[in-house]
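Enquirer: One structure coming up, written as structure tokens, with questions to follow.
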Amino acid sequence: MIAGIDEAGRGPLAGSVCAAAVVLDGSNAIDGLRDSKKLSERKRIDLSEEIKKKPLALA
């Protein structure tokens, strides 16, 4: 299994940081999943809901 991780915040030296990890089923891909900074707010929200419905593992 491979876990995808991401963080949000200003970085460990400049302030609070929130991190998360998720393992998705490679045979059940989610269309449009890529760098969140390159997605519109609407697409991030939509993908967030789909990710929460399909995890093999979530931390």
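As shown in the structure tokens, the chain order sets the letters A, B, ...; within each chain, residues go from 1, and ligands are also counted from 1 in the order they appear.
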Quick one: residues within 12 Å of Ala29 (chain A), only C-alpha atoms counted, chain neighbours fewer than 3 positions away excluded, as a list of chain:residue names?
Expert: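 Skipping anything fewer than 3 positions along the chain leaves A:Val23, A:Leu24, A:Asp25, A:Gly26, A:Gly32, A:Leu33, A:Arg34, A:Leu47, A:Glu50, A:Ile51, A:Lys54, A:Pro55.
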Enquirer: According to DSSP computed on the backbone, where in chain A is there helix (DSSP H, G or I)? Give the residues as a list in words.
Expert: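 Of chain A, only Ser36, Lys37, Lys38, Glu41, Arg42, Lys43, Arg44, Ile45, Asp46, Leu47, Ser48, Glu49, Glu50, Ile51, Lys52 and Lys53 of chain A fall in helix (DSSP H, G or I).
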Enquirer: Which residue, A:Leu58, A:Lys53, A:Arg42, A:Gly9, has the smallest gap to Ile30 (chain A) when you use only C-alpha atoms?
Expert: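 Distance minimum relative to Ile30 (chain A) lands on A:Lys53.
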Enquirer: Can you list, as a list of chain:residue names, every residue of chain A that DSSP puts in strand (DSSP E)?
Expert: A:Gly4, A:Ile5, A:Asp6, A:Glu7, A:Ala8, A:Gly9, A:Val17, A:Cys18, A:Ala19, A:Ala20, A:Ala21, A:Val22, A:Val23, A:Leu24, A:Pro55, A:Leu56, A:Ala57, A:Leu58
Enquirer: Nearest to Ala59 (chain A) among A:Ala21, A:Ala14, A:Met1, A:Ile45, with distances taken over only C-alpha atoms: which residue is it?
Expert: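 Of the candidates, the smallest distance to Ala59 (chain A) is held by A:Ala21.
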Enquirer: Counting only C-alpha atoms, which residue out of A:Glu7, A:Ile2, A:Lys52, A:Ser16 sits closest to Asp35 (chain A)?
Expert: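 Among the listed residues, the smallest separation from Asp35 (chain A) belongs to A:Glu7.
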Enquirer: What is the CA of Leu56 (chain A)-CA of Ile5 (chain A) distance in Å, reported with one decimal?
Expert: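 If I compute the distance from CA of Leu56 (chain A) to CA of Ile5 (chain A), I get 13.9 Å.
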